[in-house]
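Worksheet for the structure shown next.
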Amino acid sequence: MSIPLFVVSDFTGETAEHVARAASTQFNLDATEFSRFRYINTEERMLEVIRNAQEKQAVVICTLVDHQLRRMFLEKTEELGVDVVDVLGPILDVLQRRIGTAPMETPGLLRRMDEEYFKRVKAIEFAIKCDDGKSPELLTNAGLVIIGVSRTSKTPLSMYMAHKGVMAANIPLVPEADPPKELFSLPSERIVGLTIQPEKLINIRRERLRVLGLDVEVSNYAQWERVEEELSFARSVFRKTGCRTFDVTNRAIEETAQEILDYLRE
């Protein structure tokens, strides 16, 4: 036995089709003919689908979020004797009654939410792969490359940006190592440099050495001369790339990130 199933939606119809297929697997059907009708958002298209369903004696599974279109659809299918399953209507009605506000009636919101989620996951994976100068061959895929000396919060900033869906990489700048050649082939607007006052950087590095149990006075990591040398080298790289710079002195990650996001939107 075969029954034609019409999947009708004012967006892609994926939700309705999942429901239809889940239900059809519970029966020993020789074949089930699925027909998906997407973006049904006008009365003319709606009537065309309903007449088609009547001719083929199809069962209709619909997910229409516009209440006026849904009401017209249900009235017309009842008038013409077409079997219809309204997937979203009863749920939306109950939620509206309990919450006290009308639904937004915007088709495709779930799909958009899913796309945003996977975009963030992809960005986070990218930030991990390209953290601290790793995988320079992937820099061409970056929406943002953060450069700066050690302890200017490049990694946490990259991860923060990734959670916003930005494919961010970061590269440490040290005088003893040239930045990857791929950096200089990128458009300057996709690169940002982090600057910081030397006094603040020295304090941050000294605290880092203490946490690691290392002698602050022995290591040149937190010495004035070394810090000045690194900052001078970083400035030369900033000039060579033509990138926009952001001062992170006494700034929270969120503050710097918002400034960079505003810059990227420009």
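Each chain of the structure tokens is named A, B, ... in the order shown, its residues numbered from 1; ligands are numbered from 1 in display order.
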### Task
For A:Lys154, list every protein, DNA or RNA residue within 9 Å, evaluated using only C-alpha atoms, and leave out those in the same chain fewer than 6 positions away; present the list as a list of chain:residue names.
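Here the answer would be A:Asp131, A:Asp132, A:Ile146, A:Ile147, A:Gly148, A:Ala169, A:Asn170, A:Ile171, A:Pro172, A:Leu194.
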Any chance you could export the current selection's N, CA, C and O atoms as a PDB file, in the first residue's frame?
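Saved the output as out-v4.pdb:
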ATOM      1  N   ASP A 131      45.705  28.777  17.413  1.00  0.00           N
ATOM      2  CA  ASP A 131      46.126  29.493  18.620  1.00  0.00           C
ATOM      3  C   ASP A 131      47.649  29.579  18.687  1.00  0.00           C
ATOM      4  O   ASP A 131      48.356  28.638  18.337  1.00  0.00           O
ATOM      5  N   ASP A 132      48.129  30.736  19.126  1.00  0.00           N
ATOM      6  CA  ASP A 132      49.552  30.920  19.406  1.00  0.00           C
ATOM      7  C   ASP A 132      50.435  30.642  18.187  1.00  0.00           C
ATOM      8  O   ASP A 132      51.508  30.041  18.312  1.00  0.00           O
ATOM      9  N   ILE A 146      44.774  38.125  15.185  1.00  0.00           N
ATOM     10  CA  ILE A 146      45.193  38.987  16.299  1.00  0.00           C
ATOM     11  C   ILE A 146      46.684  38.810  16.513  1.00  0.00           C
ATOM     12  O   ILE A 146      47.156  37.681  16.695  1.00  0.00           O
ATOM     13  N   ILE A 147      47.430  39.905  16.505  1.00  0.00           N
ATOM     14  CA  ILE A 147      48.874  39.825  16.702  1.00  0.00           C
ATOM     15  C   ILE A 147      49.282  40.722  17.870  1.00  0.00           C
ATOM     16  O   ILE A 147      48.656  41.745  18.146  1.00  0.00           O
ATOM     17  N   GLY A 148      50.340  40.324  18.552  1.00  0.00           N
ATOM     18  CA  GLY A 148      50.824  41.101  19.692  1.00  0.00           C
ATOM     19  C   GLY A 148      51.849  40.315  20.471  1.00  0.00           C
ATOM     20  O   GLY A 148      52.062  39.118  20.226  1.00  0.00           O
ATOM     21  N   ALA A 169      42.307  33.814  14.521  1.00  0.00           N
ATOM     22  CA  ALA A 169      43.607  33.207  14.800  1.00  0.00           C
ATOM     23  C   ALA A 169      44.443  34.226  15.559  1.00  0.00           C
ATOM     24  O   ALA A 169      44.140  35.423  15.540  1.00  0.00           O
ATOM     25  N   ASN A 170      45.485  33.772  16.254  1.00  0.00           N
ATOM     26  CA  ASN A 170      46.368  34.731  16.919  1.00  0.00           C
ATOM     27  C   ASN A 170      47.827  34.313  16.763  1.00  0.00           C
ATOM     28  O   ASN A 170      48.146  33.113  16.732  1.00  0.00           O
ATOM     29  N   ILE A 171      48.681  35.324  16.658  1.00  0.00           N
ATOM     30  CA  ILE A 171      50.108  35.091  16.408  1.00  0.00           C
ATOM     31  C   ILE A 171      50.933  35.895  17.408  1.00  0.00           C
ATOM     32  O   ILE A 171      50.791  37.118  17.502  1.00  0.00           O
ATOM     33  N   PRO A 172      51.807  35.234  18.175  1.00  0.00           N
ATOM     34  CA  PRO A 172      52.690  35.959  19.092  1.00  0.00           C
ATOM     35  C   PRO A 172      53.830  36.623  18.322  1.00  0.00           C
ATOM     36  O   PRO A 172      54.338  36.048  17.348  1.00  0.00           O
ATOM     37  N   LEU A 194      47.549  44.236  19.092  1.00  0.00           N
ATOM     38  CA  LEU A 194      47.272  44.588  20.481  1.00  0.00           C
ATOM     39  C   LEU A 194      48.478  45.299  21.077  1.00  0.00           C
ATOM     40  O   LEU A 194      49.595  44.774  21.055  1.00  0.00           O
TER      41      LEU A 194
END
### Query
If you count only C-alpha atoms, which residues fall within 12 Å of A:Glu199, apart from same-chain ones fewer than 5 positions away, as a PyMOL selection string?
chain A and resi 204-206+222-225+227-228+231+249-250
With N, CA and C atoms retained, could you export that selection as a PDB file, in the first residue's frame?
ATOM      1  N   ILE A 204      52.171  42.346  34.661  1.00  0.00           N
ATOM      2  CA  ILE A 204      51.459  41.114  34.286  1.00  0.00           C
ATOM      3  C   ILE A 204      52.434  39.955  34.165  1.00  0.00           C
ATOM      4  N   ARG A 205      53.576  40.205  33.538  1.00  0.00           N
ATOM      5  CA  ARG A 205      54.559  39.134  33.344  1.00  0.00           C
ATOM      6  C   ARG A 205      55.202  38.721  34.663  1.00  0.00           C
ATOM      7  N   ARG A 206      55.431  39.683  35.532  1.00  0.00           N
ATOM      8  CA  ARG A 206      56.000  39.342  36.844  1.00  0.00           C
ATOM      9  C   ARG A 206      55.050  38.437  37.619  1.00  0.00           C
ATOM     10  N   ALA A 222      60.376  39.624  32.192  1.00  0.00           N
ATOM     11  CA  ALA A 222      59.654  40.753  32.768  1.00  0.00           C
ATOM     12  C   ALA A 222      60.577  41.945  33.017  1.00  0.00           C
ATOM     13  N   GLN A 223      61.713  41.976  32.355  1.00  0.00           N
ATOM     14  CA  GLN A 223      62.639  43.101  32.510  1.00  0.00           C
ATOM     15  C   GLN A 223      62.319  44.204  31.498  1.00  0.00           C
ATOM     16  N   TRP A 224      62.569  45.438  31.923  1.00  0.00           N
ATOM     17  CA  TRP A 224      62.200  46.595  31.129  1.00  0.00           C
ATOM     18  C   TRP A 224      62.799  46.554  29.717  1.00  0.00           C
ATOM     19  N   GLU A 225      64.078  46.225  29.625  1.00  0.00           N
ATOM     20  CA  GLU A 225      64.751  46.239  28.324  1.00  0.00           C
ATOM     21  C   GLU A 225      64.112  45.228  27.362  1.00  0.00           C
ATOM     22  N   VAL A 227      61.062  43.948  27.491  1.00  0.00           N
ATOM     23  CA  VAL A 227      59.700  44.356  27.155  1.00  0.00           C
ATOM     24  C   VAL A 227      59.703  45.448  26.095  1.00  0.00           C
ATOM     25  N   GLU A 228      60.595  46.427  26.268  1.00  0.00           N
ATOM     26  CA  GLU A 228      60.699  47.512  25.279  1.00  0.00           C
ATOM     27  C   GLU A 228      61.113  46.972  23.906  1.00  0.00           C
ATOM     28  N   LEU A 231      58.025  45.213  22.355  1.00  0.00           N
ATOM     29  CA  LEU A 231      57.003  46.170  21.930  1.00  0.00           C
ATOM     30  C   LEU A 231      57.447  46.938  20.680  1.00  0.00           C
ATOM     31  N   THR A 249      45.620  48.012  27.607  1.00  0.00           N
ATOM     32  CA  THR A 249      46.032  48.379  28.963  1.00  0.00           C
ATOM     33  C   THR A 249      44.808  48.601  29.848  1.00  0.00           C
ATOM     34  N   ASN A 250      44.729  47.843  30.935  1.00  0.00           N
ATOM     35  CA  ASN A 250      43.638  47.960  31.902  1.00  0.00           C
ATOM     36  C   ASN A 250      42.255  47.802  31.262  1.00  0.00           C
TER      37      ASN A 250
END
### Using only C-alpha atoms: which of A:Ala142, A:Val49, A:Thr15, A:Glu115 has the shortest distance to A:Leu88
A:Thr15
### Task
Check stretch 124-257 of chain A with DSSP on the backbone and list each residue it calls strand (DSSP E), as a PyMOL selection string.
chain A and resi 144-148+168-172+191-195+244-247
### Query
Among stretch 132-214 of chain A, which ones does DSSP place in alpha helix (DSSP H), written as an MDAnalysis selection string?
chainID A and resid 154:163 198:211
Write a file of the selected residues as an mmCIF file, in the first residue's frame, keeping N, CA, C and O atoms.
data_model
loop_
_atom_site.group_PDB
_atom_site.id
_atom_site.type_symbol
_atom_site.label_atom_id
_atom_site.label_comp_id
_atom_site.auth_asym_id
_atom_site.auth_seq_id
_atom_site.Cartn_x
_atom_site.Cartn_y
_atom_site.Cartn_z
ATOM 1 N N LYS A 154 45.884 37.562 23.800
ATOM 2 C CA LYS A 154 45.519 37.163 22.440
ATOM 3 C C LYS A 154 44.629 35.923 22.436
ATOM 4 O O LYS A 154 43.635 35.878 21.718
ATOM 5 N N THR A 155 44.999 34.897 23.212
ATOM 6 C CA THR A 155 44.224 33.659 23.211
ATOM 7 C C THR A 155 42.818 33.854 23.762
ATOM 8 O O THR A 155 41.844 33.455 23.111
ATOM 9 N N PRO A 156 42.646 34.430 24.959
ATOM 10 C CA PRO A 156 41.266 34.614 25.439
ATOM 11 C C PRO A 156 40.437 35.498 24.516
ATOM 12 O O PRO A 156 39.231 35.279 24.360
ATOM 13 N N LEU A 157 41.075 36.472 23.899
ATOM 14 C CA LEU A 157 40.348 37.330 22.968
ATOM 15 C C LEU A 157 39.919 36.541 21.729
ATOM 16 O O LEU A 157 38.791 36.701 21.231
ATOM 17 N N SER A 158 40.804 35.672 21.232
ATOM 18 C CA SER A 158 40.455 34.829 20.086
ATOM 19 C C SER A 158 39.269 33.927 20.412
ATOM 20 O O SER A 158 38.349 33.766 19.598
ATOM 21 N N MET A 159 39.262 33.330 21.600
ATOM 22 C CA MET A 159 38.175 32.454 21.987
ATOM 23 C C MET A 159 36.872 33.227 22.171
ATOM 24 O O MET A 159 35.789 32.750 21.821
ATOM 25 N N TYR A 160 36.970 34.425 22.720
ATOM 26 C CA TYR A 160 35.779 35.263 22.893
ATOM 27 C C TYR A 160 35.176 35.576 21.519
ATOM 28 O O TYR A 160 33.965 35.488 21.318
ATOM 29 N N MET A 161 36.037 35.960 20.583
ATOM 30 C CA MET A 161 35.568 36.284 19.243
ATOM 31 C C MET A 161 34.968 35.050 18.564
ATOM 32 O O MET A 161 33.979 35.146 17.834
ATOM 33 N N ALA A 162 35.562 33.889 18.829
ATOM 34 C CA ALA A 162 35.036 32.646 18.249
ATOM 35 C C ALA A 162 33.623 32.373 18.739
ATOM 36 O O ALA A 162 32.765 31.914 17.982
ATOM 37 N N HIS A 163 33.361 32.652 20.011
ATOM 38 C CA HIS A 163 32.016 32.461 20.549
ATOM 39 C C HIS A 163 31.025 33.441 19.932
ATOM 40 O O HIS A 163 29.807 33.246 20.049
ATOM 41 N N PRO A 198 54.102 49.527 28.673
ATOM 42 C CA PRO A 198 55.162 48.621 29.159
ATOM 43 C C PRO A 198 55.098 48.366 30.661
ATOM 44 O O PRO A 198 55.362 47.243 31.110
ATOM 45 N N GLU A 199 54.750 49.383 31.448
ATOM 46 C CA GLU A 199 54.677 49.190 32.905
ATOM 47 C C GLU A 199 53.642 48.120 33.264
ATOM 48 O O GLU A 199 53.874 47.273 34.130
ATOM 49 N N LYS A 200 52.493 48.198 32.593
ATOM 50 C CA LYS A 200 51.433 47.222 32.857
ATOM 51 C C LYS A 200 51.862 45.829 32.421
ATOM 52 O O LYS A 200 51.624 44.840 33.128
ATOM 53 N N LEU A 201 52.512 45.736 31.272
ATOM 54 C CA LEU A 201 52.954 44.447 30.775
ATOM 55 C C LEU A 201 53.989 43.815 31.702
ATOM 56 O O LEU A 201 53.954 42.602 31.967
ATOM 57 N N ILE A 202 54.890 44.626 32.223
ATOM 58 C CA ILE A 202 55.896 44.110 33.162
ATOM 59 C C ILE A 202 55.217 43.530 34.398
ATOM 60 O O ILE A 202 55.568 42.429 34.866
ATOM 61 N N ASN A 203 54.223 44.235 34.930
ATOM 62 C CA ASN A 203 53.509 43.738 36.113
ATOM 63 C C ASN A 203 52.789 42.425 35.827
ATOM 64 O O ASN A 203 52.802 41.498 36.649
ATOM 65 N N ILE A 204 52.171 42.346 34.661
ATOM 66 C CA ILE A 204 51.459 41.114 34.286
ATOM 67 C C ILE A 204 52.434 39.955 34.165
ATOM 68 O O ILE A 204 52.184 38.843 34.651
ATOM 69 N N ARG A 205 53.576 40.205 33.538
ATOM 70 C CA ARG A 205 54.559 39.134 33.344
ATOM 71 C C ARG A 205 55.202 38.721 34.663
ATOM 72 O O ARG A 205 55.481 37.530 34.880
ATOM 73 N N ARG A 206 55.431 39.683 35.532
ATOM 74 C CA ARG A 206 56.000 39.342 36.844
ATOM 75 C C ARG A 206 55.050 38.437 37.619
ATOM 76 O O ARG A 206 55.474 37.469 38.259
ATOM 77 N N GLU A 207 53.773 38.761 37.560
ATOM 78 C CA GLU A 207 52.789 37.946 38.262
ATOM 79 C C GLU A 207 52.725 36.550 37.655
ATOM 80 O O GLU A 207 52.579 35.555 38.369
ATOM 81 N N ARG A 208 52.856 36.464 36.353
ATOM 82 C CA ARG A 208 52.849 35.178 35.679
ATOM 83 C C ARG A 208 54.044 34.328 36.119
ATOM 84 O O ARG A 208 53.900 33.117 36.372
ATOM 85 N N LEU A 209 55.210 34.943 36.242
ATOM 86 C CA LEU A 209 56.398 34.210 36.694
ATOM 87 C C LEU A 209 56.220 33.704 38.123
ATOM 88 O O LEU A 209 56.634 32.587 38.459
ATOM 89 N N ARG A 210 55.609 34.526 38.956
ATOM 90 C CA ARG A 210 55.380 34.109 40.351
ATOM 91 C C ARG A 210 54.450 32.903 40.403
ATOM 92 O O ARG A 210 54.661 31.965 41.179
ATOM 93 N N VAL A 211 53.409 32.937 39.586
ATOM 94 C CA VAL A 211 52.465 31.812 39.554
ATOM 95 C C VAL A 211 53.173 30.534 39.124
ATOM 96 O O VAL A 211 52.885 29.442 39.632
#
List every residue of stretch 175-196 of chain A that has an atom at most 10 Å from any atom of stretch 236-243 of chain A, and for each one report the closest atom pair and its distance in Å to one decimal, counting only C-alpha atoms, with rows sorted by chain and then by increasing residue number, as JSON lines.
{"residue": "A:Asp178", "atom": "CA", "partner": "A:Val237", "partner_atom": "CA", "distance": 9.3}
{"residue": "A:Pro179", "atom": "CA", "partner": "A:Val237", "partner_atom": "CA", "distance": 8.3}
{"residue": "A:Leu183", "atom": "CA", "partner": "A:Thr241", "partner_atom": "CA", "distance": 7.8}
{"residue": "A:Phe184", "atom": "CA", "partner": "A:Thr241", "partner_atom": "CA", "distance": 5.9}
{"residue": "A:Ser185", "atom": "CA", "partner": "A:Thr241", "partner_atom": "CA", "distance": 8.6}
{"residue": "A:Leu186", "atom": "CA", "partner": "A:Thr241", "partner_atom": "CA", "distance": 8.2}
{"residue": "A:Pro187", "atom": "CA", "partner": "A:Thr241", "partner_atom": "CA", "distance": 8.2}
{"residue": "A:Ser188", "atom": "CA", "partner": "A:Cys243", "partner_atom": "CA", "distance": 4.9}
{"residue": "A:Glu189", "atom": "CA", "partner": "A:Cys243", "partner_atom": "CA", "distance": 6.3}
{"residue": "A:Arg190", "atom": "CA", "partner": "A:Cys243", "partner_atom": "CA", "distance": 7.8}
{"residue": "A:Ile191", "atom": "CA", "partner": "A:Cys243", "partner_atom": "CA", "distance": 5.4}
{"residue": "A:Val192", "atom": "CA", "partner": "A:Cys243", "partner_atom": "CA", "distance": 5.4}
{"residue": "A:Gly193", "atom": "CA", "partner": "A:Phe238", "partner_atom": "CA", "distance": 6.3}
{"residue": "A:Leu194", "atom": "CA", "partner": "A:Phe238", "partner_atom": "CA", "distance": 9.1}
{"residue": "A:Thr195", "atom": "CA", "partner": "A:Phe238", "partner_atom": "CA", "distance": 9.8}
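When only C-alpha atoms are used to measure the gap to A:Gln54, the shortest distance among A:Met72, A:Gly143, A:Glu33, A:Asp83 belongs to A:Asp83.
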### Task
Considering only C-alpha atoms, state which residue in the set A:Ser153, A:Thr140, A:Thr77, A:Thr63 is at the smallest distance from A:His18.
A:Thr63
### Message
Please list as a PyMOL selection string every residue within 9 Å of A:Cys130, counting only C-alpha atoms and excluding residues in the same chain fewer than 3 positions away.
### Response
chain A and resi 125-127+133-136+138-139+168-171
